[in-house]
file final04.pdb (PDB, C-alpha atoms)
ATOM      1  CA  MET A   1       0.000   0.000   0.000  1.00  0.00           C
ATOM      2  CA  LYS A   2       1.296   3.449  -0.935  1.00  0.00           C
ATOM      3  CA  ASP A   3       2.288   5.806   1.882  1.00  0.00           C
ATOM      4  CA  GLN A   4      -0.117   8.753   1.805  1.00  0.00           C
ATOM      5  CA  LEU A   5      -0.401   9.265   5.564  1.00  0.00           C
ATOM      6  CA  TYR A   6       0.749  12.878   5.430  1.00  0.00           C
ATOM      7  CA  ALA A   7      -0.621  13.899   2.029  1.00  0.00           C
ATOM      8  CA  ALA A   8      -3.376  16.037   3.578  1.00  0.00           C
ATOM      9  CA  PRO A   9      -2.852  18.748   6.215  1.00  0.00           C
ATOM     10  CA  ILE A  10      -2.966  17.444   9.797  1.00  0.00           C
ATOM     11  CA  ALA A  11      -4.371  19.927  12.306  1.00  0.00           C
ATOM     12  CA  GLN A  12      -2.344  18.727  15.291  1.00  0.00           C
ATOM     13  CA  LEU A  13       0.929  16.979  14.582  1.00  0.00           C
ATOM     14  CA  GLY A  14       1.888  14.631  17.401  1.00  0.00           C
ATOM     15  CA  ASP A  15       5.008  12.497  17.684  1.00  0.00           C
ATOM     16  CA  PHE A  16       5.622   9.832  15.075  1.00  0.00           C
ATOM     17  CA  CYS A  17       4.750   6.312  16.240  1.00  0.00           C
ATOM     18  CA  PHE A  18       4.584   2.876  14.678  1.00  0.00           C
ATOM     19  CA  ASP A  19       0.824   2.473  14.875  1.00  0.00           C
ATOM     20  CA  GLU A  20      -1.574   0.500  12.649  1.00  0.00           C
ATOM     21  CA  ASN A  21      -1.645   3.258  10.034  1.00  0.00           C
ATOM     22  CA  VAL A  22       2.136   3.224   9.689  1.00  0.00           C
ATOM     23  CA  VAL A  23       2.203  -0.578   9.618  1.00  0.00           C
ATOM     24  CA  GLU A  24      -0.134  -0.603   6.603  1.00  0.00           C
ATOM     25  CA  VAL A  25       2.230   1.502   4.481  1.00  0.00           C
ATOM     26  CA  PHE A  26       5.587   0.748   6.129  1.00  0.00           C
ATOM     27  CA  PRO A  27       7.254  -1.183   3.270  1.00  0.00           C
ATOM     28  CA  ASP A  28       6.507   1.636   0.832  1.00  0.00           C
ATOM     29  CA  MET A  29       7.435   4.290   3.396  1.00  0.00           C
ATOM     30  CA  ILE A  30      10.861   2.914   4.182  1.00  0.00           C
ATOM     31  CA  GLN A  31      11.789   2.194   0.554  1.00  0.00           C
ATOM     32  CA  ARG A  32      10.874   5.745  -0.469  1.00  0.00           C
ATOM     33  CA  SER A  33      12.402   7.395   2.623  1.00  0.00           C
ATOM     34  CA  VAL A  34      15.666   5.556   3.349  1.00  0.00           C
ATOM     35  CA  PRO A  35      18.297   5.713   0.606  1.00  0.00           C
ATOM     36  CA  GLY A  36      20.151   2.443   0.200  1.00  0.00           C
ATOM     37  CA  TYR A  37      17.694   0.431   2.271  1.00  0.00           C
ATOM     38  CA  SER A  38      17.599  -2.547  -0.105  1.00  0.00           C
ATOM     39  CA  ASN A  39      21.418  -2.577  -0.255  1.00  0.00           C
ATOM     40  CA  ILE A  40      21.592  -2.706   3.529  1.00  0.00           C
ATOM     41  CA  LEU A  41      19.158  -5.618   3.670  1.00  0.00           C
ATOM     42  CA  SER A  42      21.140  -7.540   1.058  1.00  0.00           C
ATOM     43  CA  ALA A  43      24.383  -7.019   2.980  1.00  0.00           C
ATOM     44  CA  ILE A  44      22.738  -8.131   6.237  1.00  0.00           C
ATOM     45  CA  GLY A  45      22.103 -11.419   4.455  1.00  0.00           C
ATOM     46  CA  MET A  46      25.721 -11.642   3.317  1.00  0.00           C
ATOM     47  CA  MET A  47      27.080 -10.898   6.774  1.00  0.00           C
ATOM     48  CA  THR A  48      24.666 -13.387   8.340  1.00  0.00           C
ATOM     49  CA  ALA A  49      26.013 -16.083   6.028  1.00  0.00           C
ATOM     50  CA  ARG A  50      29.547 -15.168   7.086  1.00  0.00           C
ATOM     51  CA  TYR A  51      29.124 -14.645  10.849  1.00  0.00           C
ATOM     52  CA  ALA A  52      26.263 -16.877  12.001  1.00  0.00           C
ATOM     53  CA  GLN A  53      27.738 -19.583  14.231  1.00  0.00           C
ATOM     54  CA  PRO A  54      26.308 -23.090  14.744  1.00  0.00           C
ATOM     55  CA  GLY A  55      23.952 -23.344  17.722  1.00  0.00           C
ATOM     56  CA  SER A  56      23.847 -19.582  18.257  1.00  0.00           C
ATOM     57  CA  LYS A  57      21.097 -16.972  18.401  1.00  0.00           C
ATOM     58  CA  LEU A  58      20.566 -14.173  15.897  1.00  0.00           C
ATOM     59  CA  TYR A  59      18.709 -11.054  17.000  1.00  0.00           C
ATOM     60  CA  ASP A  60      16.763  -8.475  14.986  1.00  0.00           C
ATOM     61  CA  LEU A  61      16.154  -5.717  17.534  1.00  0.00           C
ATOM     62  CA  GLY A  62      13.407  -3.407  16.353  1.00  0.00           C
ATOM     63  CA  CYS A  63      12.333  -5.947  13.753  1.00  0.00           C
ATOM     64  CA  SER A  64       9.278  -4.010  12.460  1.00  0.00           C
ATOM     65  CA  LEU A  65       7.720  -6.173   9.706  1.00  0.00           C
ATOM     66  CA  GLY A  66      10.611  -8.631   9.664  1.00  0.00           C
ATOM     67  CA  ALA A  67      12.492  -7.658   6.501  1.00  0.00           C
ATOM     68  CA  ALA A  68      15.892  -8.124   8.165  1.00  0.00           C
ATOM     69  CA  THR A  69      14.660 -11.195  10.052  1.00  0.00           C
ATOM     70  CA  GLN A  70      13.640 -12.839   6.792  1.00  0.00           C
ATOM     71  CA  ILE A  71      16.904 -12.014   5.006  1.00  0.00           C
ATOM     72  CA  MET A  72      18.804 -13.428   7.988  1.00  0.00           C
ATOM     73  CA  ARG A  73      16.717 -16.596   7.897  1.00  0.00           C
ATOM     74  CA  ARG A  74      17.350 -17.058   4.173  1.00  0.00           C
ATOM     75  CA  ASN A  75      21.106 -16.744   4.645  1.00  0.00           C
ATOM     76  CA  THR A  76      21.739 -18.558   7.925  1.00  0.00           C
ATOM     77  CA  PRO A  77      23.821 -21.621   7.030  1.00  0.00           C
ATOM     78  CA  HIS A  78      23.084 -23.523  10.253  1.00  0.00           C
ATOM     79  CA  SER A  79      19.679 -25.075  10.925  1.00  0.00           C
ATOM     80  CA  ASP A  80      20.356 -25.162  14.683  1.00  0.00           C
ATOM     81  CA  CYS A  81      20.386 -21.357  14.936  1.00  0.00           C
ATOM     82  CA  LEU A  82      17.454 -19.449  16.437  1.00  0.00           C
ATOM     83  CA  ILE A  83      16.438 -16.021  15.126  1.00  0.00           C
ATOM     84  CA  ILE A  84      14.719 -13.715  17.611  1.00  0.00           C
ATOM     85  CA  GLY A  85      12.916 -10.588  16.433  1.00  0.00           C
ATOM     86  CA  VAL A  86      11.782  -7.988  18.966  1.00  0.00           C
ATOM     87  CA  ASP A  87       9.603  -4.910  18.508  1.00  0.00           C
ATOM     88  CA  ASN A  88       7.593  -2.798  20.944  1.00  0.00           C
ATOM     89  CA  SER A  89       4.781  -2.086  18.465  1.00  0.00           C
ATOM     90  CA  ALA A  90       1.919  -4.579  18.780  1.00  0.00           C
ATOM     91  CA  PRO A  91       0.643  -3.913  15.217  1.00  0.00           C
ATOM     92  CA  MET A  92       4.157  -4.413  13.850  1.00  0.00           C
ATOM     93  CA  VAL A  93       4.629  -7.684  15.730  1.00  0.00           C
ATOM     94  CA  GLU A  94       1.282  -9.078  14.598  1.00  0.00           C
ATOM     95  CA  ARG A  95       1.902  -8.204  10.948  1.00  0.00           C
ATOM     96  CA  CYS A  96       5.482  -9.478  11.175  1.00  0.00           C
ATOM     97  CA  LYS A  97       4.298 -12.874  12.390  1.00  0.00           C
ATOM     98  CA  GLN A  98       1.771 -13.070   9.556  1.00  0.00           C
ATOM     99  CA  HIS A  99       4.397 -12.123   6.998  1.00  0.00           C
ATOM    100  CA  LEU A 100       7.008 -14.615   8.170  1.00  0.00           C
ATOM    101  CA  ALA A 101       4.436 -17.401   8.343  1.00  0.00           C
ATOM    102  CA  THR A 102       4.069 -17.268   4.561  1.00  0.00           C
ATOM    103  CA  PHE A 103       7.691 -18.410   4.073  1.00  0.00           C
ATOM    104  CA  LYS A 104       8.872 -21.956   4.657  1.00  0.00           C
ATOM    105  CA  SER A 105      12.212 -22.402   6.402  1.00  0.00           C
ATOM    106  CA  ASP A 106      14.072 -24.879   8.584  1.00  0.00           C
ATOM    107  CA  ILE A 107      15.434 -21.983  10.667  1.00  0.00           C
ATOM    108  CA  PRO A 108      13.219 -21.333  13.723  1.00  0.00           C
ATOM    109  CA  VAL A 109      12.115 -17.751  14.370  1.00  0.00           C
ATOM    110  CA  GLU A 110      10.569 -16.191  17.470  1.00  0.00           C
ATOM    111  CA  ILE A 111       8.905 -12.785  17.164  1.00  0.00           C
ATOM    112  CA  ARG A 112       8.369 -11.062  20.487  1.00  0.00           C
ATOM    113  CA  GLN A 113       6.605  -7.877  21.504  1.00  0.00           C
ATOM    114  CA  GLY A 114       8.687  -6.006  24.041  1.00  0.00           C
ATOM    115  CA  ASP A 115      11.232  -3.325  24.802  1.00  0.00           C
ATOM    116  CA  ILE A 116      14.622  -4.204  23.337  1.00  0.00           C
ATOM    117  CA  GLN A 117      16.205  -2.585  26.392  1.00  0.00           C
ATOM    118  CA  ASP A 118      14.600  -5.306  28.507  1.00  0.00           C
ATOM    119  CA  THR A 119      15.529  -8.113  26.120  1.00  0.00           C
ATOM    120  CA  ASP A 120      18.185 -10.555  27.288  1.00  0.00           C
ATOM    121  CA  ILE A 121      20.946 -11.055  24.735  1.00  0.00           C
ATOM    122  CA  GLU A 122      22.679 -14.395  25.044  1.00  0.00           C
ATOM    123  CA  ASN A 123      24.712 -16.751  22.871  1.00  0.00           C
ATOM    124  CA  ALA A 124      24.467 -14.273  19.998  1.00  0.00           C
ATOM    125  CA  SER A 125      26.558 -14.432  16.843  1.00  0.00           C
ATOM    126  CA  VAL A 126      24.659 -11.831  14.778  1.00  0.00           C
ATOM    127  CA  VAL A 127      22.723  -8.825  16.093  1.00  0.00           C
ATOM    128  CA  VAL A 128      20.932  -6.319  13.858  1.00  0.00           C
ATOM    129  CA  LEU A 129      19.834  -2.830  14.910  1.00  0.00           C
ATOM    130  CA  ASN A 130      18.343  -1.599  11.648  1.00  0.00           C
ATOM    131  CA  PHE A 131      17.331   2.056  12.167  1.00  0.00           C
ATOM    132  CA  THR A 132      16.369   1.291  15.757  1.00  0.00           C
ATOM    133  CA  LEU A 133      18.977   2.846  18.043  1.00  0.00           C
ATOM    134  CA  GLN A 134      18.026   6.342  16.847  1.00  0.00           C
ATOM    135  CA  PHE A 135      14.654   5.937  18.604  1.00  0.00           C
ATOM    136  CA  ILE A 136      16.271   4.993  21.947  1.00  0.00           C
ATOM    137  CA  GLU A 137      16.946   7.792  24.440  1.00  0.00           C
ATOM    138  CA  PRO A 138      20.590   8.870  23.961  1.00  0.00           C
ATOM    139  CA  VAL A 139      21.444   8.291  27.619  1.00  0.00           C
ATOM    140  CA  ASP A 140      20.321   4.653  27.295  1.00  0.00           C
ATOM    141  CA  ARG A 141      22.201   3.756  24.125  1.00  0.00           C
ATOM    142  CA  LEU A 142      25.524   2.757  25.667  1.00  0.00           C
ATOM    143  CA  ALA A 143      23.850   0.391  28.140  1.00  0.00           C
ATOM    144  CA  LEU A 144      22.013  -1.357  25.291  1.00  0.00           C
ATOM    145  CA  LEU A 145      25.162  -1.741  23.185  1.00  0.00           C
ATOM    146  CA  THR A 146      27.127  -2.984  26.202  1.00  0.00           C
ATOM    147  CA  LYS A 147      24.465  -5.603  26.875  1.00  0.00           C
ATOM    148  CA  ILE A 148      24.639  -6.712  23.248  1.00  0.00           C
ATOM    149  CA  TYR A 149      28.427  -6.992  23.377  1.00  0.00           C
ATOM    150  CA  GLN A 150      28.363  -8.956  26.609  1.00  0.00           C
ATOM    151  CA  GLY A 151      25.755 -11.340  25.219  1.00  0.00           C
ATOM    152  CA  MET A 152      27.756 -12.063  22.093  1.00  0.00           C
ATOM    153  CA  ARG A 153      29.958 -14.993  21.284  1.00  0.00           C
ATOM    154  CA  PRO A 154      33.580 -14.187  20.369  1.00  0.00           C
ATOM    155  CA  GLY A 155      33.663 -13.316  16.689  1.00  0.00           C
ATOM    156  CA  GLY A 156      30.058 -12.090  16.714  1.00  0.00           C
ATOM    157  CA  VAL A 157      28.908  -9.145  14.617  1.00  0.00           C
ATOM    158  CA  LEU A 158      26.596  -6.187  15.244  1.00  0.00           C
ATOM    159  CA  ILE A 159      25.118  -4.423  12.208  1.00  0.00           C
ATOM    160  CA  LEU A 160      23.993  -0.925  13.202  1.00  0.00           C
ATOM    161  CA  SER A 161      22.103   1.076  10.588  1.00  0.00           C
ATOM    162  CA  GLU A 162      21.201   4.682  11.403  1.00  0.00           C
ATOM    163  CA  LYS A 163      20.388   8.136  10.171  1.00  0.00           C
ATOM    164  CA  PHE A 164      23.486  10.267  10.776  1.00  0.00           C
ATOM    165  CA  ARG A 165      24.102  13.912  11.508  1.00  0.00           C
ATOM    166  CA  PHE A 166      27.398  15.611  10.705  1.00  0.00           C
ATOM    167  CA  GLU A 167      29.539  18.021  12.698  1.00  0.00           C
ATOM    168  CA  ASP A 168      30.363  20.171   9.682  1.00  0.00           C
ATOM    169  CA  ASN A 169      27.227  22.281   9.243  1.00  0.00           C
ATOM    170  CA  GLU A 170      27.702  22.817   5.522  1.00  0.00           C
ATOM    171  CA  VAL A 171      28.147  19.089   4.877  1.00  0.00           C
ATOM    172  CA  ASN A 172      25.220  18.280   7.162  1.00  0.00           C
ATOM    173  CA  ASP A 173      22.955  20.741   5.337  1.00  0.00           C
ATOM    174  CA  LEU A 174      24.031  19.338   1.963  1.00  0.00           C
ATOM    175  CA  LEU A 175      23.306  15.721   2.929  1.00  0.00           C
ATOM    176  CA  VAL A 176      19.968  16.671   4.490  1.00  0.00           C
ATOM    177  CA  GLU A 177      18.982  18.444   1.275  1.00  0.00           C
ATOM    178  CA  LEU A 178      20.100  15.504  -0.856  1.00  0.00           C
ATOM    179  CA  HIS A 179      17.938  13.237   1.279  1.00  0.00           C
ATOM    180  CA  LEU A 180      14.990  15.567   0.775  1.00  0.00           C
ATOM    181  CA  ASP A 181      15.653  15.501  -2.983  1.00  0.00           C
ATOM    182  CA  PHE A 182      15.633  11.694  -2.757  1.00  0.00           C
ATOM    183  CA  LYS A 183      12.193  11.787  -1.123  1.00  0.00           C
ATOM    184  CA  ARG A 184      10.903  14.290  -3.683  1.00  0.00           C
ATOM    185  CA  ALA A 185      12.150  12.065  -6.491  1.00  0.00           C
ATOM    186  CA  ASN A 186      10.199   9.213  -4.900  1.00  0.00           C
ATOM    187  CA  GLY A 187       6.956  11.151  -5.085  1.00  0.00           C
ATOM    188  CA  TYR A 188       6.654  12.799  -1.677  1.00  0.00           C
ATOM    189  CA  SER A 189       5.200  16.314  -1.681  1.00  0.00           C
ATOM    190  CA  GLU A 190       6.580  19.233   0.302  1.00  0.00           C
ATOM    191  CA  LEU A 191       3.625  18.943   2.680  1.00  0.00           C
ATOM    192  CA  GLU A 192       4.277  15.239   3.281  1.00  0.00           C
ATOM    193  CA  ILE A 193       7.980  15.853   3.870  1.00  0.00           C
ATOM    194  CA  SER A 194       7.354  18.762   6.226  1.00  0.00           C
ATOM    195  CA  GLN A 195       4.671  17.061   8.324  1.00  0.00           C
ATOM    196  CA  LYS A 196       6.606  13.827   8.781  1.00  0.00           C
ATOM    197  CA  ARG A 197       9.789  15.737   9.612  1.00  0.00           C
ATOM    198  CA  THR A 198       7.938  17.643  12.341  1.00  0.00           C
ATOM    199  CA  MET A 199       6.499  14.428  13.797  1.00  0.00           C
ATOM    200  CA  LEU A 200       9.936  12.790  13.905  1.00  0.00           C
ATOM    201  CA  GLU A 201      11.757  15.696  15.568  1.00  0.00           C
ATOM    202  CA  ASN A 202      11.054  14.593  19.143  1.00  0.00           C
ATOM    203  CA  VAL A 203      11.506  10.844  18.667  1.00  0.00           C
ATOM    204  CA  LEU A 204      14.407  10.384  16.216  1.00  0.00           C
ATOM    205  CA  ARG A 205      17.689  11.740  17.593  1.00  0.00           C
ATOM    206  CA  ALA A 206      20.551  11.130  15.200  1.00  0.00           C
ATOM    207  CA  ASP A 207      24.202  10.828  16.239  1.00  0.00           C
ATOM    208  CA  THR A 208      27.403  11.599  14.369  1.00  0.00           C
ATOM    209  CA  ILE A 209      29.511   8.747  13.054  1.00  0.00           C
ATOM    210  CA  PRO A 210      32.355   9.509  15.518  1.00  0.00           C
ATOM    211  CA  SER A 211      29.824   9.386  18.380  1.00  0.00           C
ATOM    212  CA  HIS A 212      28.627   5.979  17.240  1.00  0.00           C
ATOM    213  CA  LYS A 213      32.167   4.659  16.950  1.00  0.00           C
ATOM    214  CA  GLU A 214      33.168   5.973  20.368  1.00  0.00           C
ATOM    215  CA  ARG A 215      30.086   4.465  22.013  1.00  0.00           C
ATOM    216  CA  LEU A 216      30.689   1.095  20.359  1.00  0.00           C
ATOM    217  CA  GLN A 217      34.269   1.141  21.615  1.00  0.00           C
ATOM    218  CA  GLN A 218      33.047   1.949  25.112  1.00  0.00           C
ATOM    219  CA  ALA A 219      30.634  -0.997  24.844  1.00  0.00           C
ATOM    220  CA  GLY A 220      33.620  -3.257  24.184  1.00  0.00           C
ATOM    221  CA  PHE A 221      33.690  -3.819  20.423  1.00  0.00           C
ATOM    222  CA  GLU A 222      37.206  -4.107  19.041  1.00  0.00           C
ATOM    223  CA  HIS A 223      36.609  -3.761  15.278  1.00  0.00           C
ATOM    224  CA  ILE A 224      34.339  -0.919  14.124  1.00  0.00           C
ATOM    225  CA  ASP A 225      33.781   0.990  10.909  1.00  0.00           C
ATOM    226  CA  VAL A 226      31.217   2.321   8.458  1.00  0.00           C
ATOM    227  CA  TRP A 227      30.589  -0.171   5.661  1.00  0.00           C
ATOM    228  CA  PHE A 228      27.807   1.732   3.861  1.00  0.00           C
ATOM    229  CA  GLN A 229      26.650   5.317   3.508  1.00  0.00           C
ATOM    230  CA  CYS A 230      24.205   7.086   1.211  1.00  0.00           C
ATOM    231  CA  PHE A 231      23.618  10.761   2.012  1.00  0.00           C
ATOM    232  CA  ASN A 232      22.842  10.998   5.746  1.00  0.00           C
ATOM    233  CA  PHE A 233      21.934   7.331   6.139  1.00  0.00           C
ATOM    234  CA  GLY A 234      24.333   4.469   6.612  1.00  0.00           C
ATOM    235  CA  SER A 235      25.414   1.367   8.470  1.00  0.00           C
ATOM    236  CA  ILE A 236      28.245   0.462  10.800  1.00  0.00           C
ATOM    237  CA  VAL A 237      29.715  -2.960  11.465  1.00  0.00           C
ATOM    238  CA  ALA A 238      31.064  -3.776  14.940  1.00  0.00           C
ATOM    239  CA  ILE A 239      32.808  -7.106  15.532  1.00  0.00           C
ATOM    240  CA  LYS A 240      33.647  -8.742  18.841  1.00  0.00           C
ATOM    241  CA  ASP A 241      37.199 -10.008  18.804  1.00  0.00           C
ATOM    242  CA  SER A 242      37.332 -13.740  18.199  1.00  0.00           C
ATOM    243  CA  GLY A 243      39.857 -14.177  21.011  1.00  0.00           C
ATOM    244  CA  VAL A 244      37.686 -12.580  23.732  1.00  0.00           C
TER
END
call {"tool": "encode", "arguments": {"input": "final04.pdb", "output": "structure tokens"}}
result
Amino acid sequence: MKDQLYAAPIAQLGDFCFDENVVEVFPDMIQRSVPGYSNILSAIGMMTARYAQPGSKLYDLGCSLGAATQIMRRNTPHSDCLIIGVDNSAPMVERCKQHLATFKSDIPVEIRQGDIQDTDIENASVVVLNFTLQFIEPVDRLALLTKIYQGMRPGGVLILSEKFRFEDNEVNDLLVELHLDFKRANGYSELEISQKRTMLENVLRADTIPSHKERLQQAGFEHIDVWFQCFNFGSIVAIKDSGV
């Protein structure tokens, strides 16, 4: 279904939330709003194939409709792995379960409704935070990443995809404008762009790439770098040393 949630003027703009209306149009919304999204999903599959360890757990934290969960399941080479998807939106979880049920696989999947900050991470070889951390309160982000690191097997990988901000104001303004051009090219009107931007202001708090790297180091990760970037969106890989 095409995303037309903000095509008409909204009298009172509240905070953006992942409610039933968003769930209905989410696949279209994210493809038309996040540059490089399909590339990120494809690479999550490639990294799952490389890093998933036998008998381990794979986590999709903030799984939404299960796009990353499904690509992980398709690429997990070990049938004794368990994939766990977690999201705090009840409509998302329900639709995710329905979506995943239409695909046959030998890899078991559990989809849970809950707060990822309260989710135990254990025996993990692959963890995905796909545009999720940016919705967590900044003061709580290090604790979540530390918990992920501590719950990982040696040699495990975290894939962290985010919207970035940049310390150089001119560069930041350029990349913001290029992202807006991307949305315009995908059919969003100025009204749609403006209303959604206003609704996201209080709930999506982007970090700089150096801030992400520093926080991941503080959490314990030994190998960290950006592997993908398109405008002000991108993804970072963080690997737990295999000797830890």
call {"tool": "resolve_selection", "arguments": {"input": "final04.pdb", "expression": "the PyMOL selection byres ((chain A and resi 214-217) around 12)", "output": "number ranges by chain"}}
result
A: 133, 138-149, 157-160, 207-213, 218-226, 236-241
call {"tool": "closest_residue", "arguments": {"input": "final04.pdb", "among": "A:Ala124, A:Ala206, A:Val22, A:Leu61", "to": "Phe166 in chain A", "atoms": "only C-alpha atoms"}}
result
A:Ala206
call {"tool": "closest_atom_pairs", "arguments": {"input": "final04.pdb", "of": "range 102-144 of chain A", "to": "range 87-91 of chain A", "cutoff": "9 Å", "atoms": "all atoms listed in the file", "output": "CSV"}}
result
residue,atom,partner,partner_atom,distance
A:Ile111,CA,A:Asp87,CA,8.0
A:Arg112,CA,A:Asp87,CA,6.6
A:Gln113,CA,A:Asp87,CA,5.2
A:Gly114,CA,A:Asn88,CA,4.6
A:Asp115,CA,A:Asn88,CA,5.3
A:Ile116,CA,A:Asp87,CA,7.0
call {"tool": "atom_distance", "arguments": {"input": "final04.pdb", "atom1": "CA of Gly62 in chain A", "atom2": "CA of Leu174 in chain A"}}
result
28.9 Å
call {"tool": "atom_distance", "arguments": {"input": "final04.pdb", "atom1": "CA of Ser64 in chain A", "atom2": "CA of Glu110 in chain A"}}
result
13.2 Å
call {"tool": "atom_distance", "arguments": {"input": "final04.pdb", "atom1": "CA of Ile83 in chain A", "atom2": "CA of Phe233 in chain A"}}
result
25.6 Å
call {"tool": "residues_around", "arguments": {"input": "final04.pdb", "residues": "range 48-54 of chain A", "least_positions_apart": "6", "cutoff": "6 Å", "atoms": "all atoms listed in the file", "output": "VMD selection string"}}
result
chain A and resid 72 75 to 76 78 125 to 126
call {"tool": "closest_residue", "arguments": {"input": "final04.pdb", "among": "A:Ile121, A:Leu180, A:Met199, A:Ile84", "to": "Pro108 in chain A", "atoms": "only C-alpha atoms"}}
result
A:Ile84
call {"tool": "resolve_selection", "arguments": {"input": "final04.pdb", "expression": "the PyMOL selection byres ((chain A and resi 123) around 7)", "output": "NGL selection string"}}
result
:A and (56-57 or 122 or 124-125 or 151-153)
call {"tool": "resolve_selection", "arguments": {"input": "final04.pdb", "expression": "the PyMOL selection byres ((chain A and resi 28) around 12)", "output": "JSON, numbers by chain"}}
result
{"A": [1, 2, 3, 4, 5, 22, 23, 24, 25, 26, 27, 29, 30, 31, 32, 33, 34, 37, 38, 65, 183, 186, 187, 188]}
call {"tool": "write_last_selection", "arguments": {"input": "final04.pdb", "atoms": "C-alpha atoms", "output": "PDB file, keeping the file's coordinate frame"}}
result
ATOM      1  CA  MET A   1       0.000   0.000   0.000  1.00  0.00           C
ATOM      2  CA  LYS A   2       1.296   3.449  -0.935  1.00  0.00           C
ATOM      3  CA  ASP A   3       2.288   5.806   1.882  1.00  0.00           C
ATOM      4  CA  GLN A   4      -0.117   8.753   1.805  1.00  0.00           C
ATOM      5  CA  LEU A   5      -0.401   9.265   5.564  1.00  0.00           C
ATOM      6  CA  VAL A  22       2.136   3.224   9.689  1.00  0.00           C
ATOM      7  CA  VAL A  23       2.203  -0.578   9.618  1.00  0.00           C
ATOM      8  CA  GLU A  24      -0.134  -0.603   6.603  1.00  0.00           C
ATOM      9  CA  VAL A  25       2.230   1.502   4.481  1.00  0.00           C
ATOM     10  CA  PHE A  26       5.587   0.748   6.129  1.00  0.00           C
ATOM     11  CA  PRO A  27       7.254  -1.183   3.270  1.00  0.00           C
ATOM     12  CA  MET A  29       7.435   4.290   3.396  1.00  0.00           C
ATOM     13  CA  ILE A  30      10.861   2.914   4.182  1.00  0.00           C
ATOM     14  CA  GLN A  31      11.789   2.194   0.554  1.00  0.00           C
ATOM     15  CA  ARG A  32      10.874   5.745  -0.469  1.00  0.00           C
ATOM     16  CA  SER A  33      12.402   7.395   2.623  1.00  0.00           C
ATOM     17  CA  VAL A  34      15.666   5.556   3.349  1.00  0.00           C
ATOM     18  CA  TYR A  37      17.694   0.431   2.271  1.00  0.00           C
ATOM     19  CA  SER A  38      17.599  -2.547  -0.105  1.00  0.00           C
ATOM     20  CA  LEU A  65       7.720  -6.173   9.706  1.00  0.00           C
ATOM     21  CA  LYS A 183      12.193  11.787  -1.123  1.00  0.00           C
ATOM     22  CA  ASN A 186      10.199   9.213  -4.900  1.00  0.00           C
ATOM     23  CA  GLY A 187       6.956  11.151  -5.085  1.00  0.00           C
ATOM     24  CA  TYR A 188       6.654  12.799  -1.677  1.00  0.00           C
TER      25      TYR A 188
END
call {"tool": "residues_around", "arguments": {"input": "final04.pdb", "residues": "Asp60 in chain A", "least_positions_apart": "2", "cutoff": "7 Å", "atoms": "all atoms listed in the file", "output": "mmCIF file with C-alpha atoms, in the frame of the given file"}}
result
data_model
loop_
_atom_site.group_PDB
_atom_site.id
_atom_site.type_symbol
_atom_site.label_atom_id
_atom_site.label_comp_id
_atom_site.auth_asym_id
_atom_site.auth_seq_id
_atom_site.Cartn_x
_atom_site.Cartn_y
_atom_site.Cartn_z
ATOM 1 C CA LEU A 58 20.566 -14.173 15.897
ATOM 2 C CA GLY A 62 13.407 -3.407 16.353
ATOM 3 C CA CYS A 63 12.333 -5.947 13.753
ATOM 4 C CA ALA A 68 15.892 -8.124 8.165
ATOM 5 C CA THR A 69 14.660 -11.195 10.052
ATOM 6 C CA ILE A 84 14.719 -13.715 17.611
ATOM 7 C CA GLY A 85 12.916 -10.588 16.433
ATOM 8 C CA VAL A 86 11.782 -7.988 18.966
ATOM 9 C CA VAL A 127 22.723 -8.825 16.093
ATOM 10 C CA VAL A 128 20.932 -6.319 13.858
ATOM 11 C CA LEU A 129 19.834 -2.830 14.910
#
call {"tool": "closest_residue", "arguments": {"input": "final04.pdb", "among": "A:Gln70, A:Gln229, A:Thr119, A:Thr132", "to": "Arg205 in chain A", "atoms": "all atoms listed in the file"}}
result
A:Thr132
call {"tool": "residues_around", "arguments": {"input": "final04.pdb", "residues": "Asp106 in chain A", "least_positions_apart": "5", "cutoff": "9 Å", "atoms": "all atoms listed in the file", "output": "PyMOL selection string"}}
result
chain A and resi 73+79-80
call {"tool": "write_last_selection", "arguments": {"input": "final04.pdb", "atoms": "C-alpha atoms", "output": "mmCIF file, in the frame of the given file"}}
result
data_model
loop_
_atom_site.group_PDB
_atom_site.id
_atom_site.type_symbol
_atom_site.label_atom_id
_atom_site.label_comp_id
_atom_site.auth_asym_id
_atom_site.auth_seq_id
_atom_site.Cartn_x
_atom_site.Cartn_y
_atom_site.Cartn_z
ATOM 1 C CA ARG A 73 16.717 -16.596 7.897
ATOM 2 C CA SER A 79 19.679 -25.075 10.925
ATOM 3 C CA ASP A 80 20.356 -25.162 14.683
#
